[in-house]
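Trainee: Handing you this structure, nothing more for now.
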Amino acid sequence: MSATHSVRAYSMGAMILHWLIAALILTQLAMGFLMSRVESVPDTLRFGMFQWHKTFGIAVLTLTIARIAWRLFHTPPAHAPMTRAERAAASIVHALFYALMLVVPLTGWLLVSASSTGIPTLLFLSDTLVWPHLPIPASMRATVEAASENAHVILAYGFGLLLVLHVAGALKHSVIDRMPSFSRMIPFGWLRRMPSSAIGVLVSVVLALCFIGGGLLISRTGGTTSVNAADLGSTEASPSGWVIDKTKSALTYTINFSGTPTAGTIGKWDAFIEFDPDNLGAAKARIVIDAASIDFDNSFVRPNIGGDDGLQTATHPLVEVVLDHFETAGEAYYGKGNVLVRGVTVPVSVPFTMQRDGAGRAIVAGTAELDRLALGLGLQNDGKGEWLDKVIRVAFKLEATPSGPMS
Ligand code: HEM
């Protein structure tokens with residue numbers, strides 16, 4: 001049998017993963033370059049490109065996990081005859097590919113997790129597929145952001161270099177040495193394929209699903225997303241703490257626009273509450289809002305919400321309310337503390353009621369009024385409150401269950 005006839009092709013699973021990952025990496029390189037380096041890309045399109053870039057990058061990471069599992073269960077076909085130096089070069093390039101397939105998406109993930117913009121990663125741009133951010137202590141965020149950005153950019157272009165070496169090697173084998181090369185990785189080639197093992201398929205699929213499913217589950221169960229809440233307070237409720245059912249709770253606001261109450265929505269928020277009616281001295285509450293998720297149902301105001309005259313979301317991604325003094329007034333309670341918006345802190349007093357049902361569940365409802373001018377909001381647009389009222393009326397209804405034994 002000739003040397004050519006003894007060469008075999010990769011297994012089918014290896015081929016599928018190879019071409020899927022290759023297509024995604026090429027797309028990522030092109031999209032990354034366009035969104036980061038080409039100024040003529042319109043901003044509206046650029047935002048979408050960033051979001052797809054994150055989705056495809058997480059897909060590369062997931063498929064790489066599957067590819068490594070596949071590799072552990074499948075021996076690759078022996079190299080076509082080549083010199084020892086060529087074999088060593090091919091092995092080094094392949095090992096570097098595996099390393100970059102892990103490190104490039106990981107540095108991208110780290111970068112968006114540390115970013116001060118606090119923009120969430122929504123897979124396929126879907127609100128229901130929130131990918132968690134890696135937990136990074138607030139004190140380290142700036143350093144991590146800078147380091148991971150540098151690493152991501154440099155290593156991503158390193159892929160380009162590896163691709164050139166990889167394709168040049170394959171071309172040399174097929175064109176100069178006249179040995180099978182591309183055909184080893186082409187599913188419909190004439191070479192006999194290496195067998196696929198059922199256990200290999202199973203482990204690869206299960207690991208990839210665990211990674212994706214685990215990530216999505218973590219963000220559903222309170223992992224860090226756009227708001228790095230873990231840094232702002234313990235997400236683990238204390239014995240007198242409350243677990244809030246977000247699906248049954250709402251935080252909204254209204255401002256009169258030209259005399260008409262106009263609704264505002266608050267998309268992403270978290271509340272950390274310790275409240276025992278019999279121990280008000282120890283009560284405290286912290287509500288953290290993703291400033292970028294705040295919207296207002298008016299087209300004149302909306303474009304300014306996040307900007308310089310508004311919440312300045314780029315530099316102040318969080319709005320935070322801290323209540324650390326509680327009093328009763330008849331059936332009602334008052335929580336007093338501060339609200340922090342775009343670096344400005346103003347005192348706030350929040351009247352609310354609390355009703356318990358037989359199962360111990362509590363419904364807490366209340367309101368608060370804030371002076372937008374005191375917070376520096378909309379000073380340039382309407383500094384006198386002529387058409388946009390000065391008063392922001394916040395309303396909330398929280399449904400919560402105690403996380404531990406309570407009176
Ligand atoms: C194989 C996967 C990936 C490849 C090949 C890739 C490639 C690239 C490239 C070429 C750039 C442009 C660099 C520049 O010219 O400045 C870039 C930028 C970026 N990538 Fe990725 N990327 C990948 C995965 C990811 C992932 C998983 C995320 C986040 C979840 C991510 C987030 C970003 C961000 C935020 C930027 C902008 C960096 C900046 O300029 O601030 N990337 N990427």
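We name chains A, B, ... following the order of the structure tokens; residues begin at 1 in each chain, and ligands are numbered from 1 as shown.
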Please find the residues contacting ligand 1 at a distance of at most 8 Å between atoms, with only C-alpha atoms and all ligand atoms counted, and report them as JSON, numbers by chain.

Mentor: {"A": [24, 25, 26, 27, 28, 29, 30, 31, 32, 33, 34, 35, 36, 37, 50, 53, 54, 55, 56, 57, 58, 59, 60, 61, 100, 101, 102, 104, 105, 106, 107, 108, 109, 110, 111, 112, 121, 149, 152, 153, 154, 156, 157, 159]}

Trainee: Run DSSP on the backbone and grab whatever in range 89-232 of chain A lands in strand (DSSP E); send it over as a ChimeraX atom specification.

Mentor: /A:121-122,130-131

Trainee: Mind writing the picked residues with N, CA, C and O atoms as a tab-separated table (two decimals), in the first residue's frame?

Mentor:
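File result-v4.tsv, as written:
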```tsv
chain	number	residue	atom	x	y	z
A	121	THR	N	-24.62	40.88	28.64
A	121	THR	CA	-24.43	40.02	27.47
A	121	THR	C	-25.70	39.21	27.28
A	121	THR	O	-26.02	38.36	28.12
A	122	LEU	N	-26.44	39.53	26.23
A	122	LEU	CA	-27.69	38.81	25.95
A	122	LEU	C	-27.44	37.94	24.73
A	122	LEU	O	-27.23	38.45	23.63
A	130	VAL	N	-29.77	35.67	29.20
A	130	VAL	CA	-28.76	36.55	29.81
A	130	VAL	C	-27.54	35.72	30.21
A	130	VAL	O	-27.66	34.74	30.95
A	131	TRP	N	-26.39	36.09	29.68
A	131	TRP	CA	-25.15	35.38	30.00
A	131	TRP	C	-24.49	36.10	31.18
A	131	TRP	O	-24.38	37.33	31.16
```

Trainee: Using only C-alpha atoms, which residues sit within 12 Å of Ala374 in chain A once same-chain residues fewer than 2 positions away are excluded, as a list in words?

Mentor: Val339, Leu340, Val341, Arg342, Gly343, Val344, Thr345, Val346, Pro347, Val348, Glu369, Leu370, Asp371, Arg372, Gly376, Leu377, Gly378, Leu379, Gly383, Lys384, Gly385, Lys390, Val391 and Ile392 of chain A

Trainee: Could you list, as a ChimeraX atom specification, every residue within 7 Å of Ala114 in chain A, counting only C-alpha atoms and ignoring same-chain residues fewer than 6 positions away?

Mentor: /A:136,141,144-145

Trainee: What is the CA of Asp382 in chain A-CA of Asn256 in chain A distance in Å, reported with one decimal?

Mentor: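 According to the coordinates, CA of Asp382 in chain A and CA of Asn256 in chain A are separated by 12.8 Å.
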
Trainee: Identify which of the residues A:Leu20, A:Ala365, A:Leu129, A:Leu163 lies closest to Leu216 in chain A, counting only C-alpha atoms when measuring atom-to-atom distances.

Mentor: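 The shortest atom-to-atom distance to Leu216 in chain A comes from A:Leu129.
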
Trainee: Grab the CA of Gly215 in chain A to CA of Asp290 in chain A distance for me, in Å with one decimal place.

Mentor: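 Rounded to one decimal, the two atoms are 20.1 Å apart.
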
Trainee: What is the CA of Val205 in chain A to CA of Pro77 in chain A distance in Å?

Mentor: 21.9 Å

Trainee: Which residues are near Gly335 in chain A? Cut-off 6 Å, only C-alpha atoms, ignore same chain within fewer than 4 positions. Put them as a PyMOL selection string.

Mentor: chain A and resi 323+325-326+349-350

Trainee: Compile the contact shell of Ala292 in chain A as a count of residues only: residues with an atom at most 7 Å away, counting only C-alpha atoms, same-chain residues fewer than 5 positions apart removed.

Mentor: 3

Trainee: With distances taken over only C-alpha atoms, which of A:His316, A:His74, A:Pro402, A:Thr128 is nearest to Leu217 in chain A?

Mentor: A:Thr128

Trainee: Return as a ChimeraX atom specification the full set of residues in range 1-220 of chain A whose backbone-based DSSP assignment is helix (DSSP H, G or I).

Mentor: /A:3-6,12-37,43-73,84-114,123-125,138-176,182-185,198-220

Trainee: For Ala95 in chain A, which of A:Leu162, A:Leu17, A:Ala362, A:Ala142 is the closest residue, counting only C-alpha atoms?

Mentor: A:Leu162
